Amino acid sequence: MALRRDWVYENNGGTCVAIAGSDYCVIAADTRLSVGYSIYTREFSKICNLADKCVLATSGFQGDMKALQKNLAARHLIYQHQHNKQMSCPAMAQLLSNTLYYKRFFPYYTFNILGGLDSDGKGCVFTYDAVGSYERVGYSAQGTGAGLIIPVLDNQLKSPSPLLLPAKDAVTPLSEAEAVDLVKDVFASATERDIYTGDKVEIVVINASGIRQELMELRKD
Amino acid sequence: MFRNQYDTDVTTWSPAGRLFQVEYAMEAVKQGAAAVGLRSTSHVVLATVNTAASDLSSHQRKVFKIDDHIGVAIAGLTADGRVLSRYLRNECINHAFVYESPLPVSRLVVRLADKAQVCTQRSWKRPFGVGLLVAGLDETGAHLYYNCPSGSYFEYQAFAIGSRSQAAKTFLERRFESFNTYSRDELIKDAIFAIKETLQGDKLTSSICTVAIVGQDEAFHMIDQKVIQEIINSMEIKEDAPADQAPLQEDKGSEEAPMDI
């Protein structure tokens, strides 16, 4: 087998989840950074506060994650200077998509979820692939544990599935506290079976009063 | 200013060793509406006089936030000031992107000065017609710089530029030695006082001035108009007559040169 010496990426594992509610948005990501069967660190944040109504969670290759976050944060600063206001979540969503597609032929190895409140104050979640294809959904999970989590969210959130046509308004009828509890349960379950998910989960909640953060312990094995 | 035969190009020296175009650019700064800056050990305050083209129009923006730790006030051709502010913002963003730390103020003013110098040595360019008071905080403390169109810059404890700024400078000269011990609020008050000196009889209201501050625990921001009005109301009306200074100024009345607005 030929030895490929140009593989410049690394998968650092981890899982991100986001759920949109009628007036809140929950974004969560675990804090484990791994490579292969080893752990680099148990306390690595995959979440970045881009704007006061907009938070980005990224799984995949963390070198690219860091570069992408810095890029978006700098672009947001320029936007603020030019427009005298913060970027809205849908605007940031488009910017992220364009930024990812810009590197279509040398992609950011990142699997992103953008969460926040739209201009009407309703929760919104945007989910992306590595090259910028995105969609507004009511909930999403990305990363190594996504396959374990999405079926549970489909079942528990009682929001219309994004697979239905015509596309329905996708926010969940659950309350903020219920959504946060669901996120905690879902991470605990994913941690049991996914080796790359664990240590701690960082949960960020955006609502009309601002951004709040919570940490919950997960299994460390 | 009288016409000279050596003032057509910025790249022509006069026999006395002067670049008249650069000096004319500095004149443009003097025609702009006043801006003052004051510095203590922990805060820097900028204040400007608002001008409006007419009663129907909005006020000209003369104070720009460059980064959380730096802001500028301009006097002169405000279009040039706006373009330079965009440049300064980019420099700060690029530095923070590469070094994950705020750009030191002294580095920023050097880059600005170099950019201004380029325009004094190219035959197809003209000097920037704007003077900038750069206020910022970094690891080495609080700083106030003045960048002029010639490409030179100086650090100041306090300074005033623009029309009738001499009145403000005289006021500041009397008080600057104690600025380092001033509290945040005293510094703001003196800035507004200095602006009042430049008004020479026009009534001081919060709508006529813009005040901005940056401090160790305070990102650069403009101070709310209501707060400024409260400070003005609480100020005792001093009888120092700024009118004494009038003969020293070129008498331009209340008109600004067209390009200032």
# chains A, B, ... in the order shown; residues from 1 in each chain; ligands from 1
>>> interface_residues(of="chain B", to="chain A", cutoff="10 Å", atoms="only C-alpha atoms", output="PyMOL selection string")
chain B and resi 64-67+85-86+89-90+93-94+96-98+100
>>> select_by_dssp(residues="segment 26-242 of chain B", states="helix (DSSP H, G or I)", output="MDAnalysis selection string")
chainID B and resid 26:31 78:99 105:118 165:181 184:199 206:208 225:234 242
>>> residues_around(residues="Asp68 of chain B", least_positions_apart="2", cutoff="9 Å", atoms="only C-alpha atoms", output="number ranges by chain")
B: 65-66, 70-71, 102, 136, 214, 218-221
>>> write_last_selection(atoms="C-alpha atoms", output="PDB file, in the first residue's frame")
ATOM      1  CA  LYS B  65     -13.327  53.695  17.747  1.00  0.00           C
ATOM      2  CA  ILE B  66     -10.331  51.885  16.344  1.00  0.00           C
ATOM      3  CA  ILE B  70      -7.704  52.744  20.990  1.00  0.00           C
ATOM      4  CA  GLY B  71      -9.797  55.586  19.625  1.00  0.00           C
ATOM      5  CA  PRO B 102      -3.803  44.258  21.259  1.00  0.00           C
ATOM      6  CA  GLY B 136      -5.058  54.411  23.722  1.00  0.00           C
ATOM      7  CA  VAL B 214     -10.764  54.718  27.207  1.00  0.00           C
ATOM      8  CA  GLU B 218     -13.055  50.446  30.145  1.00  0.00           C
ATOM      9  CA  ALA B 219     -13.122  49.768  26.421  1.00  0.00           C
ATOM     10  CA  PHE B 220     -13.106  52.821  24.173  1.00  0.00           C
ATOM     11  CA  HIS B 221     -16.602  54.198  23.913  1.00  0.00           C
TER      12      HIS B 221
END
>>> residues_around(residues="segment 32-37 of chain B", least_positions_apart="6", cutoff="6 Å", atoms="only C-alpha atoms", output="list in words")
Val45, Leu46, Ala47, Thr48, Val49, Ala75, Gly76, Ala158, Phe159, Ala160, Ile161, Gly162, Ser163, Ser165 and Asp260 of chain B
>>> residues_around(residues="Ile211 of chain A", least_positions_apart="3", cutoff="8 Å", atoms="only C-alpha atoms", output="PyMOL selection string")
chain A and resi 52-53+204-207
>>> write_last_selection(atoms="N, CA and C atoms", output="CSV table (one decimal), in the first residue's frame")
chain,number,residue,atom,x,y,z
A,52,ASP,N,-23.2,38.7,20.2
A,52,ASP,CA,-24.0,38.5,21.4
A,52,ASP,C,-25.3,37.7,21.1
A,53,LYS,N,-25.6,37.4,19.9
A,53,LYS,CA,-26.7,36.5,19.7
A,53,LYS,C,-26.3,35.3,18.8
A,204,VAL,N,-24.1,26.1,26.4
A,204,VAL,CA,-24.3,27.6,26.3
A,204,VAL,C,-25.7,27.8,25.9
A,205,VAL,N,-26.4,28.7,26.7
A,205,VAL,CA,-27.8,29.0,26.4
A,205,VAL,C,-27.9,30.4,26.0
A,206,ILE,N,-28.5,30.7,24.9
A,206,ILE,CA,-28.7,32.1,24.5
A,206,ILE,C,-30.2,32.4,24.6
A,207,ASN,N,-30.5,33.5,25.3
A,207,ASN,CA,-31.9,33.9,25.2
A,207,ASN,C,-32.0,35.4,25.3
>>> residues_around(residues="segment 55-59 of chain B", least_positions_apart="2", cutoff="12 Å", atoms="only C-alpha atoms", output="list in words")
Ala33, Thr48, Val49, Asn50, Thr51, Ala52, Ala53, Arg61, Lys62, Val63, Thr78, Ser207, Ile208, Cys209, Thr210, Asp260 and Ile261 of chain B
>>> select_by_dssp(residues="segment 76-145 of chain B", states="strand (DSSP E or B)", output="list in words")
Gly76, Val130, Gly131, Leu132, Leu133, Val134, Ala135, Gly136, Leu137, Asp138, Gly141, Ala142, His143, Leu144 and Tyr145 of chain B
>>> residues_around(residues="Met65 of chain A", least_positions_apart="4", cutoff="10 Å", atoms="only C-alpha atoms", output="MDAnalysis selection string")
chainID A and resid 46:48 57:61 69:71 108:112
